[in-house]
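File shown here: data_8.pdb, holding PDB, C-alpha atoms.
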ATOM      1  CA  MET A  27     -25.964  13.946  -0.541
ATOM      2  CA  LYS A  28     -28.381  11.284   0.725
ATOM      3  CA  PHE A  29     -26.405  11.001   3.978
ATOM      4  CA  ILE A  30     -26.344  14.776   4.439
ATOM      5  CA  SER A  31     -30.068  15.069   3.721
ATOM      6  CA  ALA A  32     -30.935  12.279   6.135
ATOM      7  CA  SER A  33     -28.732  13.759   8.860
ATOM      8  CA  LEU A  34     -30.242  17.196   8.343
ATOM      9  CA  CYS A  35     -33.737  15.722   8.632
ATOM     10  CA  ARG A  36     -32.815  14.034  11.912
ATOM     11  CA  ILE A  37     -31.345  17.273  13.289
ATOM     12  CA  LEU A  38     -34.436  19.233  12.298
ATOM     13  CA  ALA A  39     -36.644  16.574  13.877
ATOM     14  CA  VAL A  40     -34.764  16.906  17.182
ATOM     15  CA  ILE A  41     -35.036  20.703  17.021
ATOM     16  CA  ALA A  42     -38.773  20.447  16.338
ATOM     17  CA  ILE A  43     -39.272  18.125  19.319
ATOM     18  CA  VAL A  44     -37.235  20.307  21.651
ATOM     19  CA  TRP A  45     -38.918  23.482  20.393
ATOM     20  CA  THR A  46     -42.392  22.022  20.783
ATOM     21  CA  PHE A  47     -41.953  20.404  24.173
ATOM     22  CA  PRO A  48     -39.243  22.332  26.042
ATOM     23  CA  GLY A  49     -40.322  21.112  29.471
ATOM     24  CA  ALA A  50     -40.590  17.435  28.563
ATOM     25  CA  TYR A  51     -37.455  17.288  26.411
ATOM     26  CA  GLY A  52     -35.084  19.505  28.361
ATOM     27  CA  SER A  53     -32.440  16.775  28.504
ATOM     28  CA  ASP A  54     -32.316  16.598  24.710
ATOM     29  CA  TYR A  55     -30.690  20.022  24.472
ATOM     30  CA  GLY A  56     -27.391  18.422  25.423
ATOM     31  CA  GLN A  57     -27.638  16.033  22.458
ATOM     32  CA  LEU A  58     -27.848  18.744  19.795
ATOM     33  CA  PRO A  59     -24.789  19.204  17.528
ATOM     34  CA  PHE A  60     -24.733  22.937  18.366
ATOM     35  CA  ASP A  61     -25.478  25.200  21.326
ATOM     36  CA  MET A  62     -29.124  26.170  21.738
ATOM     37  CA  GLN A  63     -30.791  27.915  24.625
ATOM     38  CA  GLU A  64     -33.751  26.148  26.205
ATOM     39  CA  VAL A  65     -37.132  27.509  25.177
ATOM     40  CA  LYS A  66     -38.826  29.085  28.177
ATOM     41  CA  ALA A  67     -42.527  28.688  28.916
ATOM     42  CA  PRO A  68     -44.598  31.731  29.948
ATOM     43  CA  SER A  69     -45.096  32.490  33.628
ATOM     44  CA  ILE A  70     -48.760  33.287  34.359
ATOM     45  CA  PRO A  71     -50.066  34.252  37.827
ATOM     46  CA  GLU A  72     -52.615  31.828  39.314
ATOM     47  CA  TYR A  73     -55.312  34.522  39.542
ATOM     48  CA  THR A  74     -58.346  33.419  37.471
ATOM     49  CA  VAL A  75     -61.512  35.175  36.293
ATOM     50  CA  SER A  76     -64.449  34.049  34.159
ATOM     51  CA  LEU A  77     -65.513  35.858  31.004
ATOM     52  CA  ILE A  78     -69.082  35.715  32.317
ATOM     53  CA  ASP A  79     -68.068  38.031  35.168
ATOM     54  CA  PHE A  80     -67.599  40.810  32.602
ATOM     55  CA  GLY A  81     -71.054  40.611  31.046
ATOM     56  CA  ALA A  82     -70.431  37.991  28.357
ATOM     57  CA  THR A  83     -73.107  35.687  26.959
ATOM     58  CA  GLY A  84     -72.223  32.492  25.097
ATOM     59  CA  ASP A  85     -75.298  32.151  22.890
ATOM     60  CA  GLY A  86     -73.590  32.728  19.532
ATOM     61  CA  HIS A  87     -75.453  36.012  18.981
ATOM     62  CA  HIS A  88     -74.418  38.444  21.726
ATOM     63  CA  ASP A  89     -71.364  40.579  20.851
ATOM     64  CA  ASN A  90     -68.776  39.934  23.587
ATOM     65  CA  THR A  91     -66.038  42.242  22.276
ATOM     66  CA  GLU A  92     -66.333  44.701  25.157
ATOM     67  CA  ALA A  93     -66.473  41.860  27.686
ATOM     68  CA  PHE A  94     -63.121  40.548  26.448
ATOM     69  CA  GLN A  95     -61.653  44.060  26.548
ATOM     70  CA  ARG A  96     -62.835  44.615  30.126
ATOM     71  CA  ALA A  97     -61.550  41.211  31.183
ATOM     72  CA  PHE A  98     -58.031  41.759  29.832
ATOM     73  CA  GLU A  99     -57.903  45.286  31.224
ATOM     74  CA  HIS A 100     -58.844  43.857  34.626
ATOM     75  CA  LEU A 101     -56.139  41.172  34.403
ATOM     76  CA  LYS A 102     -53.606  43.807  33.402
ATOM     77  CA  GLU A 103     -54.470  45.862  36.471
ATOM     78  CA  LYS A 104     -54.090  42.745  38.640
ATOM     79  CA  GLY A 105     -50.677  41.937  37.195
ATOM     80  CA  GLY A 106     -51.946  39.104  35.003
ATOM     81  CA  GLY A 107     -53.807  35.828  35.311
ATOM     82  CA  HIS A 108     -56.127  33.437  33.497
ATOM     83  CA  LEU A 109     -59.284  34.374  31.603
ATOM     84  CA  ASN A 110     -61.526  31.313  31.652
ATOM     85  CA  VAL A 111     -64.019  30.876  28.801
ATOM     86  CA  GLU A 112     -66.711  28.351  29.690
ATOM     87  CA  PRO A 113     -68.656  26.082  27.271
ATOM     88  CA  GLY A 114     -70.758  28.066  24.814
ATOM     89  CA  ILE A 115     -70.460  29.976  21.541
ATOM     90  CA  TRP A 116     -68.795  33.301  22.259
ATOM     91  CA  LEU A 117     -69.210  35.791  19.418
ATOM     92  CA  THR A 118     -66.641  38.594  19.431
ATOM     93  CA  GLY A 119     -64.660  41.090  17.421
ATOM     94  CA  PRO A 120     -60.841  41.364  17.551
ATOM     95  CA  ILE A 121     -59.102  40.550  20.851
ATOM     96  CA  ALA A 122     -55.780  42.026  22.021
ATOM     97  CA  LEU A 123     -53.854  39.921  24.535
ATOM     98  CA  GLU A 124     -51.978  41.447  27.476
ATOM     99  CA  SER A 125     -48.707  40.421  29.118
ATOM    100  CA  ASN A 126     -48.834  37.779  31.860
ATOM    101  CA  THR A 127     -52.243  36.500  30.731
ATOM    102  CA  ASP A 128     -53.682  33.192  29.583
ATOM    103  CA  LEU A 129     -56.784  32.856  27.415
ATOM    104  CA  HIS A 130     -58.158  29.484  28.549
ATOM    105  CA  LEU A 131     -60.920  27.860  26.500
ATOM    106  CA  GLU A 132     -62.747  25.041  28.258
ATOM    107  CA  HIS A 133     -63.840  21.950  26.374
ATOM    108  CA  GLY A 134     -67.073  22.828  24.582
ATOM    109  CA  SER A 135     -66.255  26.519  24.190
ATOM    110  CA  ILE A 136     -66.151  28.071  20.721
ATOM    111  CA  LEU A 137     -64.624  31.488  20.183
ATOM    112  CA  LEU A 138     -66.501  32.682  17.087
ATOM    113  CA  PHE A 139     -65.244  35.858  15.466
ATOM    114  CA  SER A 140     -67.469  38.448  13.836
ATOM    115  CA  ASP A 141     -68.510  37.972  10.200
ATOM    116  CA  ASN A 142     -68.554  41.736   9.635
ATOM    117  CA  ARG A 143     -65.380  42.738   7.783
ATOM    118  CA  ASP A 144     -65.792  46.318   9.018
ATOM    119  CA  ASP A 145     -64.896  45.048  12.505
ATOM    120  CA  TYR A 146     -61.327  44.489  11.264
ATOM    121  CA  PRO A 147     -59.977  47.920  10.271
ATOM    122  CA  LEU A 148     -56.824  48.396   8.259
ATOM    123  CA  PHE A 149     -53.701  49.348  10.192
ATOM    124  CA  ARG A 150     -50.115  50.177   9.316
ATOM    125  CA  TRP A 151     -47.124  48.705  11.097
ATOM    126  CA  ASP A 152     -43.463  47.911  10.526
ATOM    127  CA  VAL A 153     -42.254  44.373   9.842
ATOM    128  CA  ALA A 154     -38.495  44.320  10.383
ATOM    129  CA  ASP A 155     -38.349  48.038   9.499
ATOM    130  CA  ASN A 156     -40.503  47.542   6.394
ATOM    131  CA  PRO A 157     -43.948  49.229   6.456
ATOM    132  CA  ALA A 158     -46.879  46.897   5.890
ATOM    133  CA  ARG A 159     -50.650  47.106   5.971
ATOM    134  CA  GLU A 160     -53.260  44.509   6.737
ATOM    135  CA  CYS A 161     -56.511  44.127   8.607
ATOM    136  CA  VAL A 162     -56.487  43.794  12.381
ATOM    137  CA  SER A 163     -56.162  40.152  13.393
ATOM    138  CA  PRO A 164     -58.915  38.387  15.344
ATOM    139  CA  ILE A 165     -56.298  37.760  18.073
ATOM    140  CA  SER A 166     -53.134  39.844  18.330
ATOM    141  CA  ALA A 167     -50.364  40.789  20.747
ATOM    142  CA  PHE A 168     -47.687  43.412  20.065
ATOM    143  CA  ASP A 169     -44.578  43.687  22.254
ATOM    144  CA  LYS A 170     -46.045  41.511  25.027
ATOM    145  CA  HIS A 171     -44.491  38.824  27.202
ATOM    146  CA  ASP A 172     -45.712  35.688  28.965
ATOM    147  CA  ILE A 173     -48.906  35.053  27.022
ATOM    148  CA  SER A 174     -50.745  31.826  26.287
ATOM    149  CA  ILE A 175     -53.852  30.358  24.685
ATOM    150  CA  THR A 176     -54.759  27.043  26.271
ATOM    151  CA  GLY A 177     -57.591  24.581  26.835
ATOM    152  CA  HIS A 178     -59.543  22.172  24.646
ATOM    153  CA  GLY A 179     -61.871  24.747  23.089
ATOM    154  CA  THR A 180     -62.024  25.968  19.489
ATOM    155  CA  ILE A 181     -61.177  29.293  17.853
ATOM    156  CA  ASN A 182     -63.083  29.924  14.609
ATOM    157  CA  GLY A 183     -61.775  32.826  12.510
ATOM    158  CA  ARG A 184     -64.764  33.070  10.119
ATOM    159  CA  GLY A 185     -62.441  32.727   7.146
ATOM    160  CA  GLU A 186     -65.345  32.243   4.762
ATOM    161  CA  ILE A 187     -66.055  35.993   4.722
ATOM    162  CA  TRP A 188     -62.546  36.666   3.355
ATOM    163  CA  ARG A 189     -61.388  33.783   1.161
ATOM    164  CA  PRO A 190     -62.144  33.223  -2.529
ATOM    165  CA  VAL A 191     -63.282  29.678  -3.333
ATOM    166  CA  LYS A 192     -62.703  27.643  -6.526
ATOM    167  CA  LYS A 193     -65.713  25.805  -7.914
ATOM    168  CA  MET A 194     -63.660  22.629  -8.439
ATOM    169  CA  LYS A 195     -63.188  22.291  -4.658
ATOM    170  CA  LEU A 196     -66.917  22.025  -3.853
ATOM    171  CA  THR A 197     -69.802  19.738  -4.632
ATOM    172  CA  ASN A 198     -72.583  21.081  -6.844
ATOM    173  CA  ASN A 199     -74.867  21.619  -3.843
ATOM    174  CA  GLN A 200     -72.134  23.419  -1.897
ATOM    175  CA  TRP A 201     -71.410  25.642  -4.884
ATOM    176  CA  LYS A 202     -75.083  26.550  -5.369
ATOM    177  CA  LYS A 203     -75.417  27.426  -1.696
ATOM    178  CA  LEU A 204     -72.248  29.531  -1.773
ATOM    179  CA  CYS A 205     -73.420  31.479  -4.828
ATOM    180  CA  GLY A 206     -76.377  32.802  -2.873
ATOM    181  CA  GLY A 207     -74.139  35.769  -1.999
ATOM    182  CA  GLY A 208     -70.833  37.313  -3.032
ATOM    183  CA  THR A 209     -69.786  37.520  -6.681
ATOM    184  CA  LEU A 210     -68.204  35.299  -9.363
ATOM    185  CA  SER A 211     -65.174  35.604 -11.606
ATOM    186  CA  ASP A 212     -65.796  36.377 -15.254
ATOM    187  CA  ASP A 213     -65.487  32.688 -16.179
ATOM    188  CA  GLY A 214     -67.751  31.666 -13.280
ATOM    189  CA  HIS A 215     -65.176  29.316 -11.735
ATOM    190  CA  ILE A 216     -64.166  31.365  -8.671
ATOM    191  CA  TRP A 217     -66.446  32.782  -5.975
ATOM    192  CA  TYR A 218     -65.435  35.983  -4.164
ATOM    193  CA  PRO A 219     -66.931  37.202  -0.868
ATOM    194  CA  SER A 220     -67.217  40.760  -2.249
ATOM    195  CA  GLU A 221     -66.704  42.792  -5.412
ATOM    196  CA  SER A 222     -63.722  44.667  -3.907
ATOM    197  CA  ILE A 223     -61.953  41.374  -3.152
ATOM    198  CA  LYS A 224     -62.552  40.266  -6.732
ATOM    199  CA  GLU A 225     -61.178  43.486  -8.220
ATOM    200  CA  CYS A 226     -58.015  43.672  -6.117
ATOM    201  CA  THR A 227     -54.760  41.968  -7.137
ATOM    202  CA  HIS A 228     -51.274  41.573  -5.682
ATOM    203  CA  GLU A 229     -49.984  43.740  -8.543
ATOM    204  CA  LYS A 230     -52.378  46.512  -7.530
ATOM    205  CA  ILE A 231     -51.148  46.320  -3.940
ATOM    206  CA  GLY A 232     -47.522  46.376  -5.076
ATOM    207  CA  GLY A 233     -48.153  49.588  -7.011
ATOM    208  CA  ALA A 234     -49.871  51.450  -4.176
ATOM    209  CA  ALA A 235     -47.938  54.337  -2.626
ATOM    210  CA  PRO A 236     -47.106  53.699   1.057
ATOM    211  CA  ASP A 237     -48.873  56.879   2.214
ATOM    212  CA  ASP A 238     -51.926  56.671  -0.064
ATOM    213  CA  ASP A 239     -54.511  55.923   2.623
ATOM    214  CA  LEU A 240     -57.462  56.056   0.228
ATOM    215  CA  ALA A 241     -55.896  53.530  -2.127
ATOM    216  CA  TRP A 242     -55.134  51.138   0.708
ATOM    217  CA  GLU A 243     -58.615  51.494   2.153
ATOM    218  CA  SER A 244     -60.103  50.564  -1.215
ATOM    219  CA  MET A 245     -58.123  47.296  -1.038
ATOM    220  CA  ARG A 246     -58.800  46.623   2.640
ATOM    221  CA  GLU A 247     -61.035  43.583   2.181
ATOM    222  CA  PHE A 248     -58.350  41.900   0.053
ATOM    223  CA  LEU A 249     -55.783  42.264   2.875
ATOM    224  CA  ARG A 250     -57.274  39.483   4.967
ATOM    225  CA  PRO A 251     -55.834  39.112   8.471
ATOM    226  CA  VAL A 252     -53.797  36.390  10.125
ATOM    227  CA  MET A 253     -56.037  34.778  12.753
ATOM    228  CA  VAL A 254     -53.511  34.789  15.643
ATOM    229  CA  LEU A 255     -50.673  37.312  15.352
ATOM    230  CA  PRO A 256     -48.125  37.737  18.177
ATOM    231  CA  VAL A 257     -45.419  40.240  17.170
ATOM    232  CA  ARG A 258     -42.142  40.864  19.049
ATOM    233  CA  CYS A 259     -43.440  38.838  21.997
ATOM    234  CA  GLU A 260     -41.484  36.736  24.489
ATOM    235  CA  ARG A 261     -42.524  33.421  26.058
ATOM    236  CA  VAL A 262     -45.616  32.425  24.098
ATOM    237  CA  LEU A 263     -47.567  29.185  24.524
ATOM    238  CA  PHE A 264     -50.297  27.564  22.424
ATOM    239  CA  GLU A 265     -51.559  24.349  23.981
ATOM    240  CA  ASP A 266     -54.416  21.936  23.129
ATOM    241  CA  VAL A 267     -56.603  24.575  21.413
ATOM    242  CA  THR A 268     -58.112  23.923  17.966
ATOM    243  CA  PHE A 269     -57.508  26.771  15.500
ATOM    244  CA  GLU A 270     -59.792  26.586  12.458
ATOM    245  CA  ASN A 271     -61.292  28.521   9.549
ATOM    246  CA  SER A 272     -58.668  31.244   9.481
ATOM    247  CA  PRO A 273     -58.957  34.222   7.093
ATOM    248  CA  ARG A 274     -55.307  33.648   6.159
ATOM    249  CA  TRP A 275     -52.661  31.874   8.263
ATOM    250  CA  ASN A 276     -53.899  30.300  11.480
ATOM    251  CA  VAL A 277     -51.015  31.214  13.815
ATOM    252  CA  ARG A 278     -48.128  33.467  12.793
ATOM    253  CA  PRO A 279     -45.588  34.280  15.542
ATOM    254  CA  LEU A 280     -43.474  37.093  14.098
ATOM    255  CA  LEU A 281     -40.103  38.185  15.559
ATOM    256  CA  CYS A 282     -40.966  36.311  18.778
ATOM    257  CA  ARG A 283     -38.746  34.442  21.248
ATOM    258  CA  ASP A 284     -39.516  31.286  23.235
ATOM    259  CA  VAL A 285     -42.585  30.052  21.382
ATOM    260  CA  THR A 286     -44.062  26.738  22.498
TER     261      THR A 286
END
Please lay out the structure from this file as structure tokens.
Amino acid sequence: MKFISASLCRILAVIAIVWTFPGAYGSDYGQLPFDMQEVKAPSIPEYTVSLIDFGATGDGHHDNTEAFQRAFEHLKEKGGGHLNVEPGIWLTGPIALESNTDLHLEHGSILLFSDNRDDYPLFRWDVADNPARECVSPISAFDKHDISITGHGTINGRGEIWRPVKKMKLTNNQWKKLCGGGTLSDDGHIWYPSESIKECTHEKIGGAAPDDDLAWESMREFLRPVMVLPVRCERVLFEDVTFENSPRWNVRPLLCRDVT
């Protein structure tokens, strides 16, 4: 069993290396103990625009949601390209990526998502033919191809407006500061961002009828979003970017092919 476990670990390590760096480790595909297609990187046109060109302001206060929408619509009309985000703090609501586009964050740029939970409405979609509901992700892409998020900038998902926090994980000063808003559990050991998040449970969600829109809306704030959600996409690249402070999972490629 020890030999099998060790061999399996080595195989998985090779797969992880090949999967993560398909361009640099292309020769390693021939050394795998089974056939595996090479992971393909996205193909993005060289055309480049700046977010500033679409009316954005990187002061941490101006809402740049419409600027991002206009920028990606423009790139879509042009057949794709790179959206360059320069140094600054760029406040925005949810962003939907388009095919053949690259979201490039320069060093010193911070993509800061809105702290208003109403900016992330509930939506219904099918996951492998099973209906599911959750809040719109800060960054999403459905049925797209050749997309990437690159550069040495940072994406901050404002997870603190969604996540409960246990008192044991904070210092006394941090806990006192946190308790300036939100609400506490009955025993005072867990802080919740809102009363509706406190009252909701996984059992309550499991008992909700699929078509009961009012029931699902009442639980919306509990259904915190994945920060970056590509679904049924092909040729996806994440490179050098820092993903932090996610409401739930940081990056969740779902039913995608060729993810680097």
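Proximity to Gly86 in chain A was assessed for A:Asp237, A:Glu160, A:Asp141, A:Glu243 counting all atoms listed in the file; the smallest distance is recorded for A:Asp141.
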Running the PyMOL selection byres ((chain A and resi 74) around 8) on this model by hand, what would come out? Give it as a short mmCIF file (atom, residue, chain, number, x, y, z; two decimals) with C-alpha atoms, in the frame of the given file.
data_model
loop_
_atom_site.label_atom_id
_atom_site.label_comp_id
_atom_site.auth_asym_id
_atom_site.auth_seq_id
_atom_site.Cartn_x
_atom_site.Cartn_y
_atom_site.Cartn_z
CA GLU A 72 -52.62 31.83 39.31
CA TYR A 73 -55.31 34.52 39.54
CA VAL A 75 -61.51 35.17 36.29
CA SER A 76 -64.45 34.05 34.16
CA GLY A 107 -53.81 35.83 35.31
CA HIS A 108 -56.13 33.44 33.50
CA LEU A 109 -59.28 34.37 31.60
CA ASN A 110 -61.53 31.31 31.65
#
Sorted by chain and rising residue number, which residues of range 86-121 of chain A lie within 12 Å of range 176-191 of chain A, and what are their closest atom pairs and distances in Å to one decimal, counting only C-alpha atoms, as a Markdown table?
| residue | atom | partner | partner_atom | distance |
| --- | --- | --- | --- | --- |
| A:Gly86 | CA | A:Asn182 | CA | 11.9 |
| A:His108 | CA | A:Thr176 | CA | 9.7 |
| A:Leu109 | CA | A:Thr176 | CA | 10.1 |
| A:Asn110 | CA | A:Gly177 | CA | 9.2 |
| A:Val111 | CA | A:Gly179 | CA | 8.6 |
| A:Glu112 | CA | A:Gly179 | CA | 8.9 |
| A:Pro113 | CA | A:Gly179 | CA | 8.1 |
| A:Gly114 | CA | A:Gly179 | CA | 9.6 |
| A:Ile115 | CA | A:Thr180 | CA | 9.6 |
| A:Trp116 | CA | A:Ile181 | CA | 9.7 |
| A:Leu117 | CA | A:Asn182 | CA | 9.8 |
| A:Thr118 | CA | A:Gly183 | CA | 10.2 |
| A:Gly119 | CA | A:Gly183 | CA | 10.0 |
| A:Pro120 | CA | A:Gly183 | CA | 10.0 |
| A:Ile121 | CA | A:Gly183 | CA | 11.7 |
ask   = So what does the PyMOL selection byres ((chain A and resi 203-219) around 6) actually pick up in this one, as a PyMOL selection string?
value = chain A and resi 187+190-193+200-202+220+224
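The closest residue to His228 in chain A, picked from A:Leu240, A:Glu270, A:Arg278, A:Phe248 and counting all atoms listed in the file, is A:Phe248.
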task = Mind giving me the straight-line distance from CA of Phe94 in chain A to CA of Ser163 in chain A in Å, one decimal?
result =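 Spanning CA of Phe94 in chain A to CA of Ser163 in chain A is a straight-line distance of 14.8 Å.
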inquiry  = Please expand the PyMOL selection byres ((chain A and resi 60-65) around 6) into the concrete residues it hits in this file, giving the result as a list of chain:residue names.
reply    =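 Going through the file, the PyMOL selection byres ((chain A and resi 60-65) around 6) ends up selecting A:Pro48, A:Leu58, A:Pro59, A:Lys66, A:Asp284.
Shell of range 150-158 of chain A at 12 Å, with only C-alpha atoms counted and residues fewer than 6 places along the chain excluded, is A:Phe168, A:Ile231, A:Gly232, A:Ala234, A:Ala235, A:Pro236, A:Asp237, A:Asp238, A:Asp239, A:Trp242, A:Glu243, A:Arg246, A:Leu249, A:Val257, A:Arg258, A:Leu280, A:Leu281, A:Cys282.
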inquiry  = Using all atoms listed in the file - which residues lie no farther than 12 Å from the point (-65.4, 45.1, 21.2) in the file's frame? Write them as a PyMOL selection string.
reply    = chain A and resi 82+88-98+117-122+139-140+145-146+164
ask   = Of the residues A:Leu101, A:Ala67, A:Leu138, A:Ala241, which is the one nearest to Phe269 in chain A, using only C-alpha atoms?
value = A:Leu138
ask   = Which protein, DNA or RNA residues are at most 12 Å from (-46.1, 33.6, 23.0) in the file's coordinates when you count only C-alpha atoms, listed as a ChimeraX atom specification?
value = /A:65-70,123-129,166-176,254-265,277-286
query = What does the distance between CA of Trp275 in chain A and CA of Lys102 in chain A come to in Å, to one decimal place?
reply =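 Taking CA of Trp275 in chain A as the start and CA of Lys102 in chain A as the end point, the length is 27.8 Å.
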query = Expressed in Å to a single decimal, how great is the separation between CA of Val252 in chain A and CA of Ile165 in chain A?
reply = 8.4 Å
Nearest candidate to Ser222 in chain A (options A:Asn142, A:Asn198, A:Ser244, A:Gln57; using only C-alpha atoms) =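 Nearest candidate to Ser222 in chain A out of A:Asn142, A:Asn198, A:Ser244, A:Gln57: A:Ser244.
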With the input short on atoms, add N, CA and C atoms back to range 143-157 of chain A and write it as an mmCIF file, in the frame of the given file.
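The resulting file, part_28.cif, is shown below:
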data_model
loop_
_atom_site.group_PDB
_atom_site.id
_atom_site.type_symbol
_atom_site.label_atom_id
_atom_site.label_comp_id
_atom_site.auth_asym_id
_atom_site.auth_seq_id
_atom_site.Cartn_x
_atom_site.Cartn_y
_atom_site.Cartn_z
ATOM 1 N N ARG A 143 -66.753 42.340 8.109
ATOM 2 C CA ARG A 143 -65.380 42.738 7.783
ATOM 3 C C ARG A 143 -65.047 44.142 8.274
ATOM 4 N N ASP A 144 -66.046 44.967 8.501
ATOM 5 C CA ASP A 144 -65.792 46.318 9.018
ATOM 6 C C ASP A 144 -65.273 46.294 10.454
ATOM 7 N N ASP A 145 -65.420 45.166 11.136
ATOM 8 C CA ASP A 145 -64.896 45.048 12.505
ATOM 9 C C ASP A 145 -63.380 44.861 12.534
ATOM 10 N N TYR A 146 -62.774 44.726 11.357
ATOM 11 C CA TYR A 146 -61.327 44.489 11.264
ATOM 12 C C TYR A 146 -60.689 45.604 10.433
ATOM 13 N N PRO A 147 -60.500 46.768 11.025
ATOM 14 C CA PRO A 147 -59.977 47.920 10.271
ATOM 15 C C PRO A 147 -58.542 47.704 9.814
ATOM 16 N N LEU A 148 -58.181 48.440 8.780
ATOM 17 C CA LEU A 148 -56.824 48.396 8.259
ATOM 18 C C LEU A 148 -55.888 49.150 9.199
ATOM 19 N N PHE A 149 -54.690 48.625 9.388
ATOM 20 C CA PHE A 149 -53.701 49.348 10.192
ATOM 21 C C PHE A 149 -52.326 49.211 9.542
ATOM 22 N N ARG A 150 -51.468 50.151 9.867
ATOM 23 C CA ARG A 150 -50.115 50.177 9.316
ATOM 24 C C ARG A 150 -49.116 49.884 10.424
ATOM 25 N N TRP A 151 -48.144 49.046 10.121
ATOM 26 C CA TRP A 151 -47.124 48.705 11.097
ATOM 27 C C TRP A 151 -45.849 48.330 10.365
ATOM 28 N N ASP A 152 -44.760 48.232 11.107
ATOM 29 C CA ASP A 152 -43.463 47.911 10.526
ATOM 30 C C ASP A 152 -43.117 46.455 10.790
ATOM 31 N N VAL A 153 -42.726 45.748 9.734
ATOM 32 C CA VAL A 153 -42.254 44.373 9.842
ATOM 33 C C VAL A 153 -40.774 44.376 9.521
ATOM 34 N N ALA A 154 -39.957 44.261 10.568
ATOM 35 C CA ALA A 154 -38.495 44.320 10.383
ATOM 36 C C ALA A 154 -38.098 45.569 9.609
ATOM 37 N N ASP A 155 -38.643 46.719 10.057
ATOM 38 C CA ASP A 155 -38.349 48.038 9.499
ATOM 39 C C ASP A 155 -38.938 48.251 8.103
ATOM 40 N N ASN A 156 -39.812 47.358 7.664
ATOM 41 C CA ASN A 156 -40.503 47.542 6.394
ATOM 42 C C ASN A 156 -41.989 47.805 6.671
ATOM 43 N N PRO A 157 -42.537 48.934 6.192
ATOM 44 C CA PRO A 157 -43.948 49.229 6.456
ATOM 45 C C PRO A 157 -44.865 48.226 5.758
#
